[in-house]
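Heads up, the thing below is written out as structure tokens.
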Amino acid sequence: MVVCLIILSMKCLGHLCFLLFCSGAWSQITAPNLPAEGVVSEDLRGFFDPNVDYTKFSGRVSDRDETERIFKIRVENNNTKFLSNGDKLMFSVNESARTGKCSAYVRATEDFFITVYVEDFSPCWNPKEYFRRGTVLHFENEIMAQRVYEAGKQREILLLQHDDFLKQLNEINHFLWSYDQEKIKVTASYDEKINQLKEEKRKAVDSLIDKKQENLNLQLVLKKRLNEMDEKLRFYRIERQELLMDRWNLDHDKGLPMAQRPQVMKTP
């Protein structure tokens with residue numbers, strides 16, 4: 001029993017030492033330092049590069065149908081996603097005895113795969129030979145470069161729209177995040193204006209009250225002055241001196257039927 005425990009403990013110690021050694025070895029492994037040589041083109045962040053020939057690309061046959069007319073091709077560059085159904089492509093077969101070019105028509109596209117229909121293989125391949133899967137095809141056509149150029153322009157337009165939408169979204173997010181602070185600011189601003197208007201209202205009303213009291217006092221003073229002025233005007237009025245009628249006749253003419261004096265003497 002004791003011997004078994006000793007053997008078991010030695011095995012566990014050996015496993016522990018092996019794990020420690022492996023952990024030390026793994027700790028020395030870092031990320032691979034890949035060389036910069038061999039890069040086809042610099043990273044232009046998905047934009048069109050006028051120095052690159054987009055008319056040429058290559059692919060490898062991954063599948064075919066029984067008639068050997070429809071092929072599914074695995075491409076190395078995913079720019080083939082810009083192709084459309086019915087596009088005509090010219091290609092040559094790698095290491096073929098015939099140097100001519102065959103024509104193919106695009107049937108479908110997907111990521112890193114295109115499906116094409118080949119009408120005739122005789123210009124670029126001997127029909128008597130077996131066309132195996134994995135054969136490399138070299139495509140060359142102007143339509144590919146045209147589609148890549150159009151895609152680059154479309155990307156520029158989309159980036160401008162993206163930046164515009166992102167700017168609007170940032171403004172909206174900033175407004176929503178600072179809504180409470182802006183609400184407090186606006187409320188405080190209008191409260192200040194309201195208080196200022198109330199103060200101006202109070203001052204205006206007080207000014208009207210003071211002006212009313214002043215006008216009441218001035219009214220009393222002016223009435224008193226006018227009454228005094230009227231009395232003085234009556235006192236200092238100068239009467240007219242000329243007589244307008246005979247005072248004698250005026251004194252006796254009372255509208256009564258009286259004879260004129262002196263009366264005519266009556267004779268008996």
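Within each chain, counting starts at residue 1; across the structure tokens, chains are named A, B, ... in the order shown, with ligands numbered 1 upward in that order.
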
Which residues come within 10 Å of region 129-142 of chain A, counting only C-alpha atoms, excluding same-chain residues fewer than 4 positions away, as a JSON list (two decimals) with all heavy atoms, in the first residue's frame?
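Full text of around19.json as output:
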```json
[["chain", "number", "residue", "atom", "x", "y", "z"],
["A", 53, "ASP", "N", -4.12, 46.98, -61.17],
["A", 53, "ASP", "CA", -4.82, 46.49, -62.36],
["A", 53, "ASP", "C", -5.94, 45.54, -61.91],
["A", 53, "ASP", "O", -5.70, 44.38, -61.60],
["A", 53, "ASP", "CB", -3.84, 45.77, -63.29],
["A", 53, "ASP", "CG", -4.52, 45.38, -64.61],
["A", 53, "ASP", "OD1", -5.67, 45.80, -64.83],
["A", 53, "ASP", "OD2", -3.89, 44.66, -65.40],
["A", 54, "TYR", "N", -7.15, 46.10, -61.87],
["A", 54, "TYR", "CA", -8.29, 45.30, -61.42],
["A", 54, "TYR", "C", -8.88, 44.44, -62.54],
["A", 54, "TYR", "O", -9.85, 43.72, -62.30],
["A", 54, "TYR", "CB", -9.39, 46.21, -60.86],
["A", 54, "TYR", "CG", -9.00, 46.90, -59.58],
["A", 54, "TYR", "CD1", -8.59, 48.23, -59.59],
["A", 54, "TYR", "CD2", -9.05, 46.24, -58.36],
["A", 54, "TYR", "CE1", -8.23, 48.88, -58.42],
["A", 54, "TYR", "CE2", -8.70, 46.88, -57.19],
["A", 54, "TYR", "CZ", -8.29, 48.20, -57.22],
["A", 54, "TYR", "OH", -7.94, 48.83, -56.06],
["A", 55, "THR", "N", -8.33, 44.55, -63.74],
["A", 55, "THR", "CA", -8.87, 43.75, -64.84],
["A", 55, "THR", "C", -8.46, 42.28, -64.73],
["A", 55, "THR", "O", -9.06, 41.43, -65.39],
["A", 55, "THR", "CB", -8.37, 44.31, -66.18],
["A", 55, "THR", "OG1", -6.93, 44.26, -66.22],
["A", 55, "THR", "CG2", -8.84, 45.74, -66.37],
["A", 56, "LYS", "N", -7.46, 41.97, -63.90],
["A", 56, "LYS", "CA", -6.95, 40.61, -63.80],
["A", 56, "LYS", "C", -7.21, 40.06, -62.40],
["A", 56, "LYS", "O", -6.98, 40.75, -61.41],
["A", 56, "LYS", "CB", -5.46, 40.57, -64.12],
["A", 56, "LYS", "CG", -5.11, 41.04, -65.53],
["A", 56, "LYS", "CD", -3.61, 41.00, -65.74],
["A", 56, "LYS", "CE", -3.25, 41.50, -67.15],
["A", 56, "LYS", "NZ", -1.78, 41.48, -67.38],
["A", 57, "PHE", "N", -7.65, 38.82, -62.36],
["A", 57, "PHE", "CA", -7.77, 38.11, -61.09],
["A", 57, "PHE", "C", -7.75, 36.62, -61.41],
["A", 57, "PHE", "O", -7.96, 36.20, -62.57],
["A", 57, "PHE", "CB", -9.04, 38.49, -60.33],
["A", 57, "PHE", "CG", -10.31, 38.11, -61.03],
["A", 57, "PHE", "CD1", -10.97, 36.93, -60.74],
["A", 57, "PHE", "CD2", -10.86, 38.95, -62.00],
["A", 57, "PHE", "CE1", -12.15, 36.58, -61.36],
["A", 57, "PHE", "CE2", -12.04, 38.60, -62.64],
["A", 57, "PHE", "CZ", -12.68, 37.42, -62.32],
["A", 58, "SER", "N", -7.48, 35.82, -60.42],
["A", 58, "SER", "CA", -7.36, 34.38, -60.62],
["A", 58, "SER", "C", -8.30, 33.65, -59.67],
["A", 58, "SER", "O", -8.72, 34.20, -58.65],
["A", 58, "SER", "CB", -5.92, 33.92, -60.40],
["A", 58, "SER", "OG", -5.50, 34.21, -59.07],
["A", 59, "GLY", "N", -8.59, 32.40, -60.02],
["A", 59, "GLY", "CA", -9.45, 31.57, -59.19],
["A", 59, "GLY", "C", -9.17, 30.10, -59.43],
["A", 59, "GLY", "O", -8.52, 29.72, -60.42],
["A", 60, "ARG", "N", -9.66, 29.29, -58.55],
["A", 60, "ARG", "CA", -9.43, 27.84, -58.63],
["A", 60, "ARG", "C", -10.79, 27.15, -58.70],
["A", 60, "ARG", "O", -11.71, 27.47, -57.94],
["A", 60, "ARG", "CB", -8.66, 27.37, -57.40],
["A", 60, "ARG", "CG", -8.18, 25.92, -57.47],
["A", 60, "ARG", "CD", -7.43, 25.57, -56.21],
["A", 60, "ARG", "NE", -6.24, 26.39, -56.04],
["A", 60, "ARG", "CZ", -5.05, 26.09, -56.57],
["A", 60, "ARG", "NH1", -4.90, 24.99, -57.29],
["A", 60, "ARG", "NH2", -4.01, 26.88, -56.35],
["A", 61, "VAL", "N", -10.90, 26.21, -59.62],
["A", 61, "VAL", "CA", -12.15, 25.47, -59.81],
["A", 61, "VAL", "C", -12.40, 24.59, -58.58],
["A", 61, "VAL", "O", -11.57, 23.75, -58.23],
["A", 61, "VAL", "CB", -12.09, 24.61, -61.08],
["A", 61, "VAL", "CG1", -13.38, 23.79, -61.22],
["A", 61, "VAL", "CG2", -11.89, 25.48, -62.31],
["A", 62, "SER", "N", -13.54, 24.82, -57.94],
["A", 62, "SER", "CA", -13.88, 24.04, -56.76],
["A", 62, "SER", "C", -14.96, 23.00, -57.03],
["A", 62, "SER", "O", -15.05, 22.00, -56.32],
["A", 62, "SER", "CB", -14.34, 24.96, -55.63],
["A", 62, "SER", "OG", -15.52, 25.64, -56.01],
["A", 63, "ASP", "N", -15.78, 23.23, -58.06],
["A", 63, "ASP", "CA", -16.83, 22.25, -58.37],
["A", 63, "ASP", "C", -17.29, 22.48, -59.80],
["A", 63, "ASP", "O", -17.07, 23.55, -60.39],
["A", 63, "ASP", "CB", -18.00, 22.40, -57.39],
["A", 63, "ASP", "CG", -18.90, 21.17, -57.39],
["A", 63, "ASP", "OD1", -18.55, 20.19, -58.10],
["A", 63, "ASP", "OD2", -19.93, 21.19, -56.69],
["A", 64, "ARG", "N", -17.96, 21.48, -60.37],
["A", 64, "ARG", "CA", -18.47, 21.57, -61.73],
["A", 64, "ARG", "C", -19.65, 20.63, -61.87],
["A", 64, "ARG", "O", -19.85, 19.72, -61.05],
["A", 64, "ARG", "CB", -17.39, 21.21, -62.75],
["A", 64, "ARG", "CG", -16.94, 19.76, -62.63],
["A", 64, "ARG", "CD", -15.89, 19.42, -63.65],
["A", 64, "ARG", "NE", -15.54, 18.01, -63.56],
["A", 64, "ARG", "CZ", -14.66, 17.42, -64.35],
["A", 64, "ARG", "NH1", -14.04, 18.12, -65.28],
["A", 64, "ARG", "NH2", -14.40, 16.13, -64.22],
["A", 68, "GLU", "N", -19.88, 19.69, -67.61],
["A", 68, "GLU", "CA", -18.62, 20.43, -67.65],
["A", 68, "GLU", "C", -18.80, 21.76, -68.37],
["A", 68, "GLU", "O", -17.95, 22.21, -69.15],
["A", 68, "GLU", "CB", -17.53, 19.61, -68.34],
["A", 68, "GLU", "CG", -17.16, 18.34, -67.59],
["A", 68, "GLU", "CD", -15.98, 17.62, -68.22],
["A", 68, "GLU", "OE1", -15.48, 18.11, -69.26],
["A", 68, "GLU", "OE2", -15.55, 16.58, -67.67],
["A", 71, "PHE", "N", -19.28, 25.95, -63.76],
["A", 71, "PHE", "CA", -18.19, 25.77, -62.81],
["A", 71, "PHE", "C", -18.38, 26.73, -61.63],
["A", 71, "PHE", "O", -18.83, 27.88, -61.82],
["A", 71, "PHE", "CB", -16.83, 26.04, -63.47],
["A", 71, "PHE", "CG", -16.49, 25.09, -64.56],
["A", 71, "PHE", "CD1", -16.92, 25.33, -65.87],
["A", 71, "PHE", "CD2", -15.76, 23.95, -64.31],
["A", 71, "PHE", "CE1", -16.62, 24.46, -66.88],
["A", 71, "PHE", "CE2", -15.44, 23.07, -65.33],
["A", 71, "PHE", "CZ", -15.87, 23.32, -66.62],
["A", 72, "LYS", "N", -18.01, 26.25, -60.49],
["A", 72, "LYS", "CA", -17.95, 27.11, -59.30],
["A", 72, "LYS", "C", -16.49, 27.34, -58.97],
["A", 72, "LYS", "O", -15.71, 26.39, -58.81],
["A", 72, "LYS", "CB", -18.66, 26.45, -58.11],
["A", 72, "LYS", "CG", -18.81, 27.37, -56.92],
["A", 72, "LYS", "CD", -19.71, 26.77, -55.85],
["A", 72, "LYS", "CE", -19.96, 27.77, -54.73],
["A", 72, "LYS", "NZ", -20.85, 27.23, -53.70],
["A", 73, "ILE", "N", -16.10, 28.58, -58.89],
["A", 73, "ILE", "CA", -14.69, 28.96, -58.80],
["A", 73, "ILE", "C", -14.46, 29.70, -57.50],
["A", 73, "ILE", "O", -15.20, 30.64, -57.17],
["A", 73, "ILE", "CB", -14.29, 29.84, -60.00],
["A", 73, "ILE", "CG1", -14.54, 29.06, -61.30],
["A", 73, "ILE", "CG2", -12.83, 30.25, -59.90],
["A", 73, "ILE", "CD1", -14.42, 29.90, -62.53],
["A", 74, "ARG", "N", -13.42, 29.25, -56.81],
["A", 74, "ARG", "CA", -12.99, 29.92, -55.57],
["A", 74, "ARG", "C", -11.92, 30.94, -55.94],
["A", 74, "ARG", "O", -10.88, 30.61, -56.49],
["A", 74, "ARG", "CB", -12.41, 28.89, -54.59],
["A", 74, "ARG", "CG", -11.77, 29.47, -53.34],
["A", 74, "ARG", "CD", -12.83, 30.04, -52.40],
["A", 74, "ARG", "NE", -12.35, 30.18, -51.05],
["A", 74, "ARG", "CZ", -11.62, 31.21, -50.59],
["A", 74, "ARG", "NH1", -11.25, 32.17, -51.41],
["A", 74, "ARG", "NH2", -11.27, 31.27, -49.32],
["A", 75, "VAL", "N", -12.22, 32.24, -55.67],
["A", 75, "VAL", "CA", -11.30, 33.33, -56.04],
["A", 75, "VAL", "C", -10.53, 33.78, -54.80],
["A", 75, "VAL", "O", -10.98, 33.60, -53.66],
["A", 75, "VAL", "CB", -12.07, 34.52, -56.65],
["A", 75, "VAL", "CG1", -12.71, 34.12, -57.96],
["A", 75, "VAL", "CG2", -13.14, 35.03, -55.68],
["A", 87, "ASP", "N", -22.58, 38.91, -66.86],
["A", 87, "ASP", "CA", -21.31, 39.54, -67.22],
["A", 87, "ASP", "C", -20.42, 38.52, -67.92],
["A", 87, "ASP", "O", -20.30, 37.37, -67.51],
["A", 87, "ASP", "CB", -20.61, 40.08, -65.97],
["A", 87, "ASP", "CG", -21.32, 41.30, -65.42],
["A", 87, "ASP", "OD1", -22.12, 41.90, -66.15],
["A", 87, "ASP", "OD2", -21.07, 41.65, -64.25],
["A", 88, "LYS", "N", -19.76, 38.98, -68.97],
["A", 88, "LYS", "CA", -18.88, 38.11, -69.75],
["A", 88, "LYS", "C", -17.44, 38.28, -69.27],
["A", 88, "LYS", "O", -16.94, 39.41, -69.16],
["A", 88, "LYS", "CB", -18.98, 38.45, -71.23],
["A", 88, "LYS", "CG", -18.15, 37.55, -72.12],
["A", 88, "LYS", "CD", -18.34, 37.93, -73.59],
["A", 88, "LYS", "CE", -17.49, 37.04, -74.50],
["A", 88, "LYS", "NZ", -17.66, 37.39, -75.93],
["A", 89, "LEU", "N", -16.78, 37.16, -68.98],
["A", 89, "LEU", "CA", -15.40, 37.16, -68.53],
["A", 89, "LEU", "C", -14.56, 36.31, -69.47],
["A", 89, "LEU", "O", -15.00, 35.26, -69.95],
["A", 89, "LEU", "CB", -15.30, 36.58, -67.10],
["A", 89, "LEU", "CG", -16.10, 37.29, -66.01],
["A", 89, "LEU", "CD1", -15.96, 36.53, -64.70],
["A", 89, "LEU", "CD2", -15.64, 38.73, -65.84],
["A", 90, "MET", "N", -13.34, 36.76, -69.75],
["A", 90, "MET", "CA", -12.38, 36.01, -70.53],
["A", 90, "MET", "C", -11.35, 35.41, -69.59],
["A", 90, "MET", "O", -10.88, 36.08, -68.66],
["A", 90, "MET", "CB", -11.70, 36.92, -71.56],
["A", 90, "MET", "CG", -12.66, 37.67, -72.48],
["A", 90, "MET", "SD", -13.74, 36.58, -73.45],
["A", 90, "MET", "CE", -12.52, 35.74, -74.45],
["A", 91, "PHE", "N", -10.97, 34.14, -69.84],
["A", 91, "PHE", "CA", -10.03, 33.49, -68.95],
["A", 91, "PHE", "C", -9.14, 32.53, -69.74],
["A", 91, "PHE", "O", -9.48, 32.10, -70.86],
["A", 91, "PHE", "CB", -10.77, 32.72, -67.83],
["A", 91, "PHE", "CG", -11.52, 31.52, -68.31],
["A", 91, "PHE", "CD1", -10.92, 30.25, -68.32],
["A", 91, "PHE", "CD2", -12.82, 31.64, -68.76],
["A", 91, "PHE", "CE1", -11.62, 29.15, -68.77],
["A", 91, "PHE", "CE2", -13.52, 30.53, -69.20],
["A", 91, "PHE", "CZ", -12.92, 29.27, -69.20],
["A", 92, "SER", "N", -8.02, 32.21, -69.12],
["A", 92, "SER", "CA", -7.09, 31.21, -69.65],
["A", 92, "SER", "C", -6.81, 30.20, -68.55],
["A", 92, "SER", "O", -6.88, 30.51, -67.36],
["A", 92, "SER", "CB", -5.80, 31.85, -70.15],
["A", 92, "SER", "OG", -5.16, 32.53, -69.08],
["A", 93, "VAL", "N", -6.46, 28.98, -68.96],
["A", 93, "VAL", "CA", -6.21, 27.89, -68.02],
["A", 93, "VAL", "C", -4.71, 27.84, -67.71],
["A", 93, "VAL", "O", -3.88, 27.90, -68.62],
["A", 93, "VAL", "CB", -6.69, 26.55, -68.58],
["A", 93, "VAL", "CG1", -6.46, 25.42, -67.56],
["A", 93, "VAL", "CG2", -8.17, 26.63, -68.94],
["A", 94, "ASN", "N", -4.39, 27.76, -66.44],
["A", 94, "ASN", "CA", -2.99, 27.71, -66.02],
["A", 94, "ASN", "C", -2.33, 26.41, -66.52],
["A", 94, "ASN", "O", -2.91, 25.32, -66.43],
["A", 94, "ASN", "CB", -2.91, 27.80, -64.50],
["A", 94, "ASN", "CG", -1.49, 27.99, -64.02],
["A", 94, "ASN", "OD1", -0.69, 28.63, -64.70],
["A", 94, "ASN", "ND2", -1.18, 27.44, -62.85],
["A", 95, "GLU", "N", -1.09, 26.55, -67.05],
["A", 95, "GLU", "CA", -0.29, 25.41, -67.53],
["A", 95, "GLU", "C", -1.03, 24.64, -68.61],
["A", 95, "GLU", "O", -0.99, 23.40, -68.65],
["A", 95, "GLU", "CB", 0.10, 24.49, -66.37],
["A", 95, "GLU", "CG", 0.94, 25.15, -65.31],
["A", 95, "GLU", "CD", 1.29, 24.20, -64.19],
["A", 95, "GLU", "OE1", 0.79, 23.06, -64.22],
["A", 95, "GLU", "OE2", 2.06, 24.60, -63.29],
["A", 101, "LYS", "N", -7.96, 32.24, -75.19],
["A", 101, "LYS", "CA", -8.82, 32.63, -74.08],
["A", 101, "LYS", "C", -10.24, 32.15, -74.34],
["A", 101, "LYS", "O", -10.76, 32.26, -75.45],
["A", 101, "LYS", "CB", -8.82, 34.15, -73.88],
["A", 101, "LYS", "CG", -7.47, 34.69, -73.43],
["A", 101, "LYS", "CD", -7.56, 36.18, -73.17],
["A", 101, "LYS", "CE", -6.21, 36.73, -72.73],
["A", 101, "LYS", "NZ", -5.77, 36.15, -71.46],
["A", 102, "CYS", "N", -10.84, 31.66, -73.29],
["A", 102, "CYS", "CA", -12.23, 31.21, -73.35],
["A", 102, "CYS", "C", -13.13, 32.26, -72.72],
["A", 102, "CYS", "O", -12.69, 33.09, -71.91],
["A", 102, "CYS", "CB", -12.39, 29.87, -72.64],
["A", 102, "CYS", "SG", -11.43, 28.52, -73.37],
["A", 103, "SER", "N", -14.37, 32.19, -73.08],
["A", 103, "SER", "CA", -15.36, 33.13, -72.52],
["A", 103, "SER", "C", -16.27, 32.40, -71.54],
["A", 103, "SER", "O", -16.63, 31.24, -71.75],
["A", 103, "SER", "CB", -16.19, 33.75, -73.64],
["A", 103, "SER", "OG", -16.89, 32.75, -74.36],
["A", 104, "ALA", "N", -16.61, 33.13, -70.47],
["A", 104, "ALA", "CA", -17.50, 32.59, -69.44],
["A", 104, "ALA", "C", -18.51, 33.66, -69.06],
["A", 104, "ALA", "O", -18.21, 34.86, -69.08],
["A", 104, "ALA", "CB", -16.71, 32.14, -68.22],
["A", 121, "PHE", "N", -14.64, 25.31, -74.44],
["A", 121, "PHE", "CA", -13.32, 25.22, -73.81],
["A", 121, "PHE", "C", -12.19, 25.07, -74.84],
["A", 121, "PHE", "O", -11.02, 25.08, -74.48],
["A", 121, "PHE", "CB", -13.27, 24.02, -72.86],
["A", 121, "PHE", "CG", -13.45, 24.41, -71.43],
["A", 121, "PHE", "CD1", -14.62, 24.09, -70.76],
["A", 121, "PHE", "CD2", -12.46, 25.09, -70.75],
["A", 121, "PHE", "CE1", -14.80, 24.44, -69.44],
["A", 121, "PHE", "CE2", -12.64, 25.43, -69.42],
["A", 121, "PHE", "CZ", -13.80, 25.12, -68.77],
["A", 125, "TRP", "N", -8.34, 25.09, -73.76],
["A", 125, "TRP", "CA", -8.15, 23.76, -73.16],
["A", 125, "TRP", "C", -8.49, 22.68, -74.19],
["A", 125, "TRP", "O", -9.41, 22.84, -75.00],
["A", 125, "TRP", "CB", -9.05, 23.62, -71.94],
["A", 125, "TRP", "CG", -8.88, 22.34, -71.19],
["A", 125, "TRP", "CD1", -9.68, 21.23, -71.24],
["A", 125, "TRP", "CD2", -7.83, 22.00, -70.29],
["A", 125, "TRP", "NE1", -9.22, 20.25, -70.43],
["A", 125, "TRP", "CE2", -8.05, 20.70, -69.81],
["A", 125, "TRP", "CE3", -6.70, 22.69, -69.82],
["A", 125, "TRP", "CZ2", -7.22, 20.06, -68.92],
["A", 125, "TRP", "CZ3", -5.88, 22.06, -68.93],
["A", 125, "TRP", "CH2", -6.13, 20.76, -68.47],
["A", 146, "GLN", "N", -14.16, 48.14, -64.34],
["A", 146, "GLN", "CA", -15.25, 49.12, -64.33],
["A", 146, "GLN", "C", -16.14, 48.95, -63.11],
["A", 146, "GLN", "O", -16.54, 49.92, -62.47],
["A", 146, "GLN", "CB", -16.07, 48.97, -65.62],
["A", 146, "GLN", "CG", -17.24, 49.94, -65.73],
["A", 146, "GLN", "CD", -16.79, 51.38, -65.85],
["A", 146, "GLN", "OE1", -15.67, 51.66, -66.28],
["A", 146, "GLN", "NE2", -17.66, 52.29, -65.46],
["A", 147, "ARG", "N", -16.44, 47.68, -62.77],
["A", 147, "ARG", "CA", -17.28, 47.45, -61.59],
["A", 147, "ARG", "C", -16.58, 47.86, -60.30],
["A", 147, "ARG", "O", -17.20, 48.42, -59.39],
["A", 147, "ARG", "CB", -17.67, 45.97, -61.53],
["A", 147, "ARG", "CG", -18.57, 45.55, -62.67],
["A", 147, "ARG", "CD", -19.92, 46.26, -62.58],
["A", 147, "ARG", "NE", -20.75, 46.01, -63.74],
["A", 147, "ARG", "CZ", -21.47, 44.92, -63.92],
["A", 147, "ARG", "NH1", -21.45, 43.97, -63.01],
["A", 147, "ARG", "NH2", -22.21, 44.78, -65.00]]
```

Rows by chain and residue number, region 48-159 of chain A within 12 Å of region 164-172 of chain A, shortest pair, only C-alpha atoms, as a Markdown table:
```
| residue | atom | partner | partner_atom | distance |
| --- | --- | --- | --- | --- |
| A:Ile157 | CA | A:Asp164 | CA | 10.7 |
| A:Leu158 | CA | A:Asp164 | CA | 9.7 |
| A:Leu159 | CA | A:Asp164 | CA | 8.4 |
```

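Here the residues within region 134-170 of chain A that DSSP labels strand (DSSP E) on the basis of the backbone are Val136, Leu137, His138, Phe139 and Glu140 of chain A.
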